[in-house]
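**Q** Have a peek at my_file_27.csv (CSV, C-alpha atoms).
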```
chain,number,residue,atom,x,y,z
Y,1,MET,CA,-10.7,3.1,13.7
Y,2,ILE,CA,-10.1,2.7,10.0
Y,3,GLU,CA,-12.6,4.4,7.7
Y,4,LYS,CA,-13.7,2.8,4.4
Y,5,GLU,CA,-15.5,4.6,1.6
Y,6,LYS,CA,-16.6,3.4,-1.8
Y,7,TYR,CA,-15.8,5.8,-4.7
Y,8,ASN,CA,-16.9,4.6,-8.1
Y,9,GLN,CA,-15.2,1.2,-8.4
Y,10,TYR,CA,-12.5,2.0,-5.8
Y,11,ASN,CA,-12.3,1.2,-2.1
Y,12,ILE,CA,-10.6,3.9,0.0
Y,13,TYR,CA,-9.3,3.2,3.5
Y,14,SER,CA,-7.9,5.7,6.0
Y,15,PHE,CA,-7.7,6.4,9.7
Y,16,ASP,CA,-8.3,10.1,8.9
Y,17,THR,CA,-11.1,11.2,6.7
Y,18,ARG,CA,-9.0,14.1,5.4
Y,19,TYR,CA,-7.0,11.7,3.3
Y,20,ILE,CA,-10.1,10.1,1.8
Y,21,TYR,CA,-10.5,13.4,0.0
Y,22,ILE,CA,-6.8,13.3,-1.1
Y,23,ALA,CA,-7.3,9.8,-2.5
Y,24,LYS,CA,-10.2,11.1,-4.6
Y,25,GLU,CA,-8.1,13.9,-5.9
Y,26,ILE,CA,-5.5,11.3,-7.0
Y,27,LEU,CA,-8.1,9.1,-8.6
Y,28,GLU,CA,-9.4,12.1,-10.6
Y,29,ARG,CA,-5.8,12.9,-11.6
Y,30,ARG,CA,-5.9,16.3,-9.8
Y,31,PHE,CA,-2.3,16.3,-8.6
Y,32,SER,CA,1.1,17.4,-10.0
Y,33,LEU,CA,3.9,14.9,-10.6
Y,34,VAL,CA,7.1,16.1,-9.0
Y,35,LYS,CA,9.4,13.2,-9.7
Y,36,VAL,CA,9.2,9.5,-10.6
Y,37,LEU,CA,11.3,7.6,-8.1
Y,38,LYS,CA,10.8,4.1,-9.4
Y,39,ASP,CA,9.0,2.7,-12.4
Y,40,THR,CA,9.3,-1.1,-13.0
Y,41,LYS,CA,7.0,-4.0,-13.8
Y,42,ARG,CA,6.8,-4.7,-10.1
Y,43,ASN,CA,6.7,-1.3,-8.5
Y,44,TYR,CA,5.9,2.3,-9.2
Y,45,VAL,CA,6.8,5.1,-6.8
Y,46,ALA,CA,6.5,8.8,-7.3
Y,47,LEU,CA,6.7,12.1,-5.5
Y,48,ILE,CA,3.5,14.0,-6.1
Y,49,LYS,CA,2.0,17.3,-4.9
Y,50,ILE,CA,-1.5,18.2,-4.0
Y,51,ASN,CA,-2.5,21.7,-2.7
Y,52,GLN,CA,1.2,22.6,-2.3
Y,53,LYS,CA,1.9,19.6,-0.1
Y,54,LYS,CA,4.2,16.7,-1.1
Y,55,TYR,CA,3.3,13.0,-0.7
Y,56,VAL,CA,4.9,9.7,-1.8
Y,57,TYR,CA,2.6,7.6,-4.0
Y,58,LYS,CA,3.3,3.8,-4.3
Y,59,GLU,CA,1.8,1.0,-6.4
Y,60,ALA,CA,2.9,-2.6,-5.6
Y,61,ARG,CA,2.2,-3.7,-9.2
Y,62,ASN,CA,3.4,-7.3,-8.7
Y,63,GLU,CA,0.5,-7.9,-6.3
Y,64,TYR,CA,-2.1,-7.6,-9.1
Y,65,GLN,CA,0.0,-8.4,-12.2
Y,66,ILE,CA,1.5,-11.8,-11.1
Y,67,PRO,CA,-1.3,-14.3,-11.5
Y,68,GLN,CA,-0.6,-16.4,-8.4
Y,69,ARG,CA,-0.3,-13.3,-6.2
Y,70,LYS,CA,-3.4,-11.8,-7.7
Y,71,PHE,CA,-5.4,-15.0,-7.0
Y,72,PHE,CA,-4.5,-14.9,-3.3
Y,73,THR,CA,-5.9,-11.4,-3.0
Y,74,LEU,CA,-9.3,-13.2,-2.9
Y,75,LEU,CA,-8.4,-14.1,0.7
Y,76,LYS,CA,-6.5,-11.0,1.7
Y,77,LYS,CA,-7.2,-7.3,2.3
Y,78,GLY,CA,-4.3,-6.4,0.1
Y,79,GLU,CA,-0.7,-5.1,0.6
Y,80,ALA,CA,-1.7,-1.4,0.7
Y,81,VAL,CA,-4.5,-1.9,3.3
Y,82,GLU,CA,-2.3,-4.2,5.5
Y,83,THR,CA,0.6,-1.7,5.3
Y,84,LEU,CA,-1.8,1.1,6.3
Y,85,LYS,CA,-3.0,-0.9,9.3
Y,86,ASN,CA,0.3,-2.3,10.4
Y,87,ILE,CA,2.4,0.8,10.3
Y,88,ASN,CA,-0.2,3.0,12.0
Y,89,HIS,CA,-0.3,0.4,14.7
Y,90,LEU,CA,3.5,0.4,15.2
Y,91,ILE,CA,3.4,4.2,15.4
Y,92,GLU,CA,0.6,4.0,18.0
Y,93,ILE,CA,2.7,1.6,20.2
Y,94,GLY,CA,5.6,4.0,20.3
Y,95,PHE,CA,7.6,3.6,17.1
Y,96,SER,CA,7.3,7.1,15.8
Y,97,GLU,CA,10.2,6.5,13.4
Y,98,TYR,CA,8.0,4.9,10.8
Y,99,VAL,CA,7.0,7.1,7.9
Y,100,ARG,CA,3.2,7.2,8.2
Y,101,PRO,CA,0.9,5.7,5.5
Y,102,LEU,CA,-2.0,8.0,5.0
Y,103,VAL,CA,-4.5,6.3,2.8
Y,104,ALA,CA,-4.8,3.0,0.8
Y,105,VAL,CA,-6.9,2.4,-2.3
Y,106,ASN,CA,-7.8,-0.8,-4.2
Y,107,ARG,CA,-10.1,-2.0,-6.9
Y,108,ARG,CA,-11.3,-5.5,-7.3
Y,109,LYS,CA,-12.7,-7.6,-10.2
Y,110,SER,CA,-14.2,-11.0,-9.6
Y,111,GLY,CA,-13.0,-10.6,-6.0
Y,112,MET,CA,-9.4,-10.1,-6.9
Y,113,ILE,CA,-7.4,-6.9,-6.6
Y,114,ASN,CA,-6.5,-5.5,-10.0
Y,115,PHE,CA,-5.2,-2.1,-8.9
Y,116,SER,CA,-4.0,-0.6,-5.7
Y,117,PHE,CA,-1.9,2.2,-4.3
Y,118,ILE,CA,-0.8,3.6,-0.9
Y,119,LEU,CA,-0.1,7.2,-0.1
Y,120,MET,CA,2.7,8.0,2.4
Y,121,GLU,CA,3.8,11.1,4.1
Y,122,TYR,CA,6.9,12.7,2.5
Y,123,ILE,CA,10.0,13.0,4.6
Y,124,ASP,CA,13.0,15.1,3.4
Y,125,GLY,CA,15.9,13.1,4.5
Y,126,THR,CA,19.1,11.3,3.5
Y,127,GLU,CA,20.8,8.0,4.2
Y,128,ASP,CA,23.6,8.1,6.8
Y,129,ARG,CA,25.7,4.9,7.0
Y,130,LYS,CA,27.7,6.3,9.9
Y,131,GLN,CA,24.6,5.9,12.1
Y,132,VAL,CA,24.2,2.2,11.3
Y,133,ARG,CA,24.4,1.3,15.0
Y,134,ARG,CA,21.5,3.6,15.8
Y,135,VAL,CA,19.5,1.9,13.0
Y,136,ILE,CA,20.3,-1.6,14.2
Y,137,ASP,CA,19.5,-0.7,17.8
Y,138,LYS,CA,16.1,0.6,16.7
Y,139,MET,CA,15.4,-2.5,14.6
Y,140,LYS,CA,16.3,-4.7,17.6
Y,141,GLU,CA,13.6,-2.9,19.6
Y,142,ILE,CA,11.1,-3.5,16.9
Y,143,HIS,CA,12.1,-7.2,16.7
Y,144,GLU,CA,11.6,-7.5,20.4
Y,145,LYS,CA,8.0,-6.4,19.9
Y,146,GLY,CA,7.6,-9.2,17.4
Y,147,TYR,CA,7.7,-7.2,14.1
Y,148,TYR,CA,10.3,-7.2,11.2
Y,149,HIS,CA,11.2,-5.0,8.3
Y,150,GLY,CA,11.6,-7.4,5.4
Y,151,ASP,CA,14.1,-5.2,3.4
Y,152,PHE,CA,16.6,-4.2,6.1
Y,153,ASN,CA,19.2,-2.2,4.2
Y,154,PRO,CA,20.6,1.3,4.7
Y,155,SER,CA,18.6,3.0,2.0
Y,156,ASN,CA,15.3,2.3,3.9
Y,157,PHE,CA,16.5,4.3,6.9
Y,158,ILE,CA,16.9,8.1,6.5
Y,159,PHE,CA,17.7,11.0,8.7
Y,160,SER,CA,15.9,14.4,8.5
Y,161,LYS,CA,17.7,17.7,9.1
Y,162,ASP,CA,16.9,17.4,12.9
Y,163,ASN,CA,18.7,14.1,12.9
Y,164,LYS,CA,15.5,12.1,13.5
Y,165,LEU,CA,15.5,8.6,12.2
Y,166,HIS,CA,12.7,7.6,9.7
Y,167,ILE,CA,11.9,4.0,8.6
Y,168,LEU,CA,10.7,3.5,5.0
Y,169,ASP,CA,9.6,0.7,2.6
Y,170,THR,CA,8.2,-2.0,4.9
Y,171,GLN,CA,4.8,-3.6,5.5
Y,172,GLY,CA,5.4,-3.8,9.2
Y,173,LYS,CA,4.5,-7.5,9.4
Y,174,LYS,CA,4.5,-9.5,12.6
Y,175,MET,CA,6.8,-12.4,13.0
Y,176,ILE,CA,5.1,-15.8,13.1
Y,177,PHE,CA,8.0,-18.3,13.0
Y,178,GLY,CA,10.1,-17.7,16.1
Y,179,ASN,CA,12.5,-14.9,15.4
Y,180,TYR,CA,13.6,-16.2,12.0
Y,181,ARG,CA,12.7,-12.9,10.3
Y,182,ALA,CA,14.7,-10.9,12.9
Y,183,HIS,CA,17.8,-12.9,12.0
Y,184,TYR,CA,17.1,-12.6,8.3
Y,185,ASP,CA,16.8,-8.8,8.7
Y,186,MET,CA,20.1,-8.6,10.5
Y,187,LEU,CA,21.9,-10.9,8.0
Y,188,THR,CA,20.6,-8.7,5.2
Y,189,MET,CA,22.0,-5.6,6.7
Y,190,ILE,CA,25.4,-7.0,7.8
Y,191,TRP,CA,26.2,-9.4,5.0
Y,192,ASP,CA,25.1,-7.0,2.2
Y,193,SER,CA,26.3,-3.7,3.6
Y,194,PHE,CA,28.4,-3.9,6.8
Y,195,PRO,CA,30.3,-7.2,6.8
Y,196,ASN,CA,32.7,-6.1,9.5
Y,197,LEU,CA,30.0,-5.4,12.1
Y,198,ASP,CA,29.6,-7.8,15.0
Y,199,TYR,CA,26.3,-9.8,14.9
Y,200,PRO,CA,24.0,-7.9,17.2
Y,201,ILE,CA,21.5,-10.5,18.5
Y,202,GLU,CA,21.8,-13.9,20.2
Y,203,LYS,CA,22.2,-16.8,17.8
Y,204,ASN,CA,19.7,-19.7,17.9
Y,205,ILE,CA,18.2,-22.3,15.6
Y,206,PHE,CA,16.4,-19.6,13.6
Y,207,TYR,CA,19.8,-17.8,13.0
Y,208,PHE,CA,21.2,-20.9,11.4
Y,209,LEU,CA,18.1,-21.4,9.3
Y,210,ALA,CA,18.3,-17.8,8.1
Y,211,VAL,CA,22.0,-18.3,7.3
Y,212,PHE,CA,21.1,-21.4,5.3
Y,213,ILE,CA,18.4,-19.7,3.3
Y,214,LYS,CA,20.4,-16.5,2.8
Y,215,SER,CA,23.4,-18.6,1.6
Y,216,ILE,CA,21.3,-20.5,-0.9
Y,217,LYS,CA,20.0,-17.2,-2.4
Y,218,LYS,CA,23.6,-16.1,-2.9
Y,219,LEU,CA,24.5,-19.1,-5.0
Y,220,ALA,CA,25.5,-18.2,-8.6
Y,221,PHE,CA,22.9,-20.3,-10.3
Y,222,ILE,CA,20.1,-18.9,-8.1
Y,223,LYS,CA,21.2,-15.4,-9.0
Y,224,LYS,CA,21.1,-16.4,-12.7
Y,225,ILE,CA,17.5,-17.6,-12.3
Y,226,LYS,CA,16.5,-14.4,-10.6
Y,227,LYS,CA,18.2,-12.4,-13.4
Y,228,TYR,CA,16.4,-14.5,-16.0
Y,229,LYS,CA,13.1,-14.0,-14.3
Y,230,LYS,CA,13.7,-10.2,-14.2
Y,231,SER,CA,14.5,-10.1,-17.9
Y,232,LEU,CA,11.2,-12.1,-18.6
Y,233,ARG,CA,9.2,-9.6,-16.6
Y,234,GLU,CA,10.8,-6.7,-18.5
Y,235,ASN,CA,9.6,-8.4,-21.7
Y,236,GLY,CA,6.0,-8.7,-20.4
Y,237,TRP,CA,6.0,-12.1,-18.7
Y,238,LYS,CA,3.9,-12.1,-15.5
Y,239,ILE,CA,6.0,-14.2,-13.2
```
Could you write out this file's structure as structure tokens?
**A**
Amino acid sequence: MIEKEKYNQYNIYSFDTRYIYIAKEILERRFSLVKVLKDTKRNYVALIKINQKKYVYKEARNEYQIPQRKFFTLLKKGEAVETLKNINHLIEIGFSEYVRPLVAVNRRKSGMINFSFILMEYIDGTEDRKQVRRVIDKMKEIHEKGYYHGDFNPSNFIFSKDNKLHILDTQGKKMIFGNYRAHYDMLTMIWDSFPNLDYPIEKNIFYFLAVFIKSIKKLAFIKKIKKYKKSLRENGWKI
């Protein structure tokens, strides 16, 4: 059962009370920064150390900086809390490959989230594109249970020294529109990284819909719009 504790103006959530203490240490800035892995208007990711143990700290900044997304947090538990719940559930039902989220924290003002982070376990591993078939087979198992990745690319699947597969950077959401998301996952992996691979799942109406949406996103003018939006964000626009 998930535990919730109020700490000053913050809400702390975890399935293990040990990590509520760790979250408090982070909020009080009692940790050492090992390395910043990403620092953009949309996301911040860092490797940190507390009591000689490493963790991955993540802020999904776009959730509380983009006005329309921030508004909808009135009705939602927030990305960090949902990820904490979803991934722990997937681990419980047998998918031990997921990197475990340990604790989620958010803060609200006028009912809307204005800050949040999630703390993940740290795995020392590397990408191995030679094992793409293993990655795809595991993702097929996950799809068959009704869940999808959302950013299915090689960098989000790493192998530790014991050759164990670990899954990163996903909210572990459940599919709600047929298996459209399963096809979109597979198209992302194959079209963007392994164009010579055979398509691994049976094609249906959701496959053709995913092809249509994916193809539109690859159009030159759509790419220009996305690039322009990115430049606006870098200049402080909240879009």
**Q** Between Y:Lys77, Y:Glu97, Y:Val103, Y:Phe115, which is the closest to Y:Glu63 once you count all atoms listed in the file?
**A**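 Closest to Y:Glu63 of all the choices is Y:Phe115.
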**Q** Go through stretch 33-82 of chain Y and flag each residue having an atom no more than 12 Å from stretch 2-20 of chain Y; for those, report the closest pair of atoms plus their distance in Å to one decimal, using all atoms listed in the file, ordered by chain and rising number, as JSON lines.
**A**
```
{"residue": "Y:Ile50", "atom": "CA", "partner": "Y:Tyr19", "partner_atom": "CA", "distance": 11.2}
{"residue": "Y:Tyr55", "atom": "CA", "partner": "Y:Tyr19", "partner_atom": "CA", "distance": 11.1}
{"residue": "Y:Lys77", "atom": "CA", "partner": "Y:Tyr13", "partner_atom": "CA", "distance": 10.8}
{"residue": "Y:Gly78", "atom": "CA", "partner": "Y:Asn11", "partner_atom": "CA", "distance": 11.3}
{"residue": "Y:Ala80", "atom": "CA", "partner": "Y:Tyr13", "partner_atom": "CA", "distance": 9.3}
{"residue": "Y:Val81", "atom": "CA", "partner": "Y:Tyr13", "partner_atom": "CA", "distance": 7.0}
{"residue": "Y:Glu82", "atom": "CA", "partner": "Y:Tyr13", "partner_atom": "CA", "distance": 10.4}
```
**Q** Using only C-alpha atoms, which residues sit within 10 Å of stretch 180-186 of chain Y once same-chain residues fewer than 4 positions away are excluded, as a ChimeraX atom specification?
**A** /Y:136,139-140,142-144,146-153,173-176,190-192,199-211,213-214
**Q** Using atom CA of Y:Tyr57 and atom CA of Y:Tyr44 as the two end points, give the distance in Å to one decimal.
**A** 8.1 Å
**Q** To one decimal place in Å, what is the distance between atom CA of Y:Pro154 and atom CA of Y:Thr188?
**A**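 Pair atom CA of Y:Pro154 / atom CA of Y:Thr188 returns 10.0 Å.
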**Q** Starting from the block above, write stretch 26-145 of chain Y out to a file with C-alpha atoms, as a tab-separated table (two decimals), in the first residue's frame, please.
**A**
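The result, stored in result30.tsv:
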```
chain	number	residue	atom	x	y	z
Y	26	ILE	CA	16.59	15.74	-0.82
Y	27	LEU	CA	14.13	18.50	0.08
Y	28	GLU	CA	16.57	19.74	2.71
Y	29	ARG	CA	19.38	19.62	0.11
Y	30	ARG	CA	21.31	17.03	2.11
Y	31	PHE	CA	22.73	15.10	-0.83
Y	32	SER	CA	25.71	15.31	-3.15
Y	33	LEU	CA	25.37	15.85	-6.87
Y	34	VAL	CA	27.34	13.27	-8.82
Y	35	LYS	CA	26.39	14.26	-12.36
Y	36	VAL	CA	23.71	16.19	-14.24
Y	37	LEU	CA	22.37	13.86	-16.94
Y	38	LYS	CA	19.83	16.25	-18.51
Y	39	ASP	CA	18.90	19.88	-17.88
Y	40	THR	CA	16.31	21.38	-20.23
Y	41	LYS	CA	13.17	23.50	-19.96
Y	42	ARG	CA	11.16	20.26	-20.02
Y	43	ASN	CA	13.22	17.85	-17.90
Y	44	TYR	CA	15.93	17.68	-15.30
Y	45	VAL	CA	17.72	14.42	-14.51
Y	46	ALA	CA	20.67	13.98	-12.19
Y	47	LEU	CA	22.68	11.25	-10.51
Y	48	ILE	CA	22.85	12.01	-6.80
Y	49	LYS	CA	24.32	10.33	-3.73
Y	50	ILE	CA	22.88	10.06	-0.22
Y	51	ASN	CA	24.69	8.10	2.52
Y	52	GLN	CA	27.10	6.67	-0.08
Y	53	LYS	CA	24.26	5.27	-2.21
Y	54	LYS	CA	23.48	6.52	-5.72
Y	55	TYR	CA	20.00	7.40	-7.01
Y	56	VAL	CA	18.54	8.96	-10.14
Y	57	TYR	CA	16.58	12.15	-9.48
Y	58	LYS	CA	14.05	13.33	-12.12
Y	59	GLU	CA	11.89	16.40	-12.52
Y	60	ALA	CA	9.28	16.43	-15.32
Y	61	ARG	CA	9.28	20.23	-15.52
Y	62	ASN	CA	6.90	20.47	-18.46
Y	63	GLU	CA	4.11	19.12	-16.25
Y	64	TYR	CA	4.11	22.23	-14.07
Y	65	GLN	CA	5.62	24.82	-16.42
Y	66	ILE	CA	3.36	24.44	-19.46
Y	67	PRO	CA	0.08	26.18	-18.49
Y	68	GLN	CA	-2.36	23.72	-20.10
Y	69	ARG	CA	-0.59	20.73	-18.56
Y	70	LYS	CA	-0.39	22.42	-15.19
Y	71	PHE	CA	-4.13	23.14	-15.28
Y	72	PHE	CA	-4.99	19.47	-15.81
Y	73	THR	CA	-3.04	18.50	-12.69
Y	74	LEU	CA	-6.13	19.75	-10.85
Y	75	LEU	CA	-7.71	16.46	-11.89
Y	76	LYS	CA	-4.65	14.20	-11.73
Y	77	LYS	CA	-2.30	12.76	-9.15
Y	78	GLY	CA	0.63	13.89	-11.23
Y	79	GLU	CA	3.22	12.20	-13.42
Y	80	ALA	CA	5.60	11.32	-10.58
Y	81	VAL	CA	2.94	9.63	-8.43
Y	82	GLU	CA	1.40	7.78	-11.38
Y	83	THR	CA	4.83	6.51	-12.45
Y	84	LEU	CA	5.55	5.36	-8.90
Y	85	LYS	CA	2.29	3.39	-8.80
Y	86	ASN	CA	2.38	2.04	-12.36
Y	87	ILE	CA	5.96	0.76	-12.40
Y	88	ASN	CA	5.75	-0.82	-8.96
Y	89	HIS	CA	2.60	-2.62	-10.14
Y	90	LEU	CA	4.37	-3.89	-13.27
Y	91	ILE	CA	7.25	-5.17	-11.14
Y	92	GLU	CA	4.74	-6.91	-8.85
Y	93	ILE	CA	3.09	-8.74	-11.78
Y	94	GLY	CA	6.43	-10.15	-12.91
Y	95	PHE	CA	8.27	-7.54	-14.96
Y	96	SER	CA	11.35	-7.22	-12.78
Y	97	GLU	CA	13.21	-5.57	-15.65
Y	98	TYR	CA	11.74	-2.18	-14.80
Y	99	VAL	CA	14.01	0.18	-12.89
Y	100	ARG	CA	12.10	0.73	-9.66
Y	101	PRO	CA	10.79	4.17	-8.70
Y	102	LEU	CA	11.33	4.65	-4.96
Y	103	VAL	CA	9.56	7.83	-3.94
Y	104	ALA	CA	7.52	10.64	-5.55
Y	105	VAL	CA	7.14	14.19	-4.29
Y	106	ASN	CA	4.90	17.03	-5.38
Y	107	ARG	CA	3.77	20.43	-4.21
Y	108	ARG	CA	0.51	22.13	-5.13
Y	109	LYS	CA	-0.72	25.70	-5.23
Y	110	SER	CA	-4.41	26.45	-5.85
Y	111	GLY	CA	-4.83	22.72	-6.40
Y	112	MET	CA	-2.32	22.56	-9.26
Y	113	ILE	CA	1.11	20.94	-9.15
Y	114	ASN	CA	3.87	23.56	-9.25
Y	115	PHE	CA	6.80	21.27	-8.45
Y	116	SER	CA	7.45	17.53	-8.47
Y	117	PHE	CA	10.19	14.93	-8.65
Y	118	ILE	CA	10.60	11.19	-8.64
Y	119	LEU	CA	13.56	9.23	-7.29
Y	120	MET	CA	14.60	6.04	-9.08
Y	121	GLU	CA	17.03	3.28	-8.19
Y	122	TYR	CA	20.37	3.61	-9.97
Y	123	ILE	CA	21.45	0.85	-12.35
Y	124	ASP	CA	24.98	0.73	-13.72
Y	125	GLY	CA	24.40	-0.48	-17.26
Y	126	THR	CA	24.93	0.22	-20.94
Y	127	GLU	CA	22.92	0.11	-24.13
Y	128	ASP	CA	23.51	-2.96	-26.32
Y	129	ARG	CA	21.92	-2.74	-29.75
Y	130	LYS	CA	23.01	-6.28	-30.56
Y	131	GLN	CA	20.34	-7.48	-28.14
Y	132	VAL	CA	17.47	-5.65	-29.82
Y	133	ARG	CA	15.52	-8.89	-30.34
Y	134	ARG	CA	15.59	-9.54	-26.63
Y	135	VAL	CA	14.33	-6.01	-25.98
Y	136	ILE	CA	11.52	-6.37	-28.53
Y	137	ASP	CA	10.46	-9.76	-27.17
Y	138	LYS	CA	10.23	-8.32	-23.65
Y	139	MET	CA	8.22	-5.34	-24.90
Y	140	LYS	CA	5.84	-7.73	-26.69
Y	141	GLU	CA	5.21	-9.49	-23.35
Y	142	ILE	CA	4.45	-6.14	-21.73
Y	143	HIS	CA	2.12	-5.16	-24.59
Y	144	GLU	CA	0.25	-8.44	-24.22
Y	145	LYS	CA	-0.49	-7.49	-20.61
```
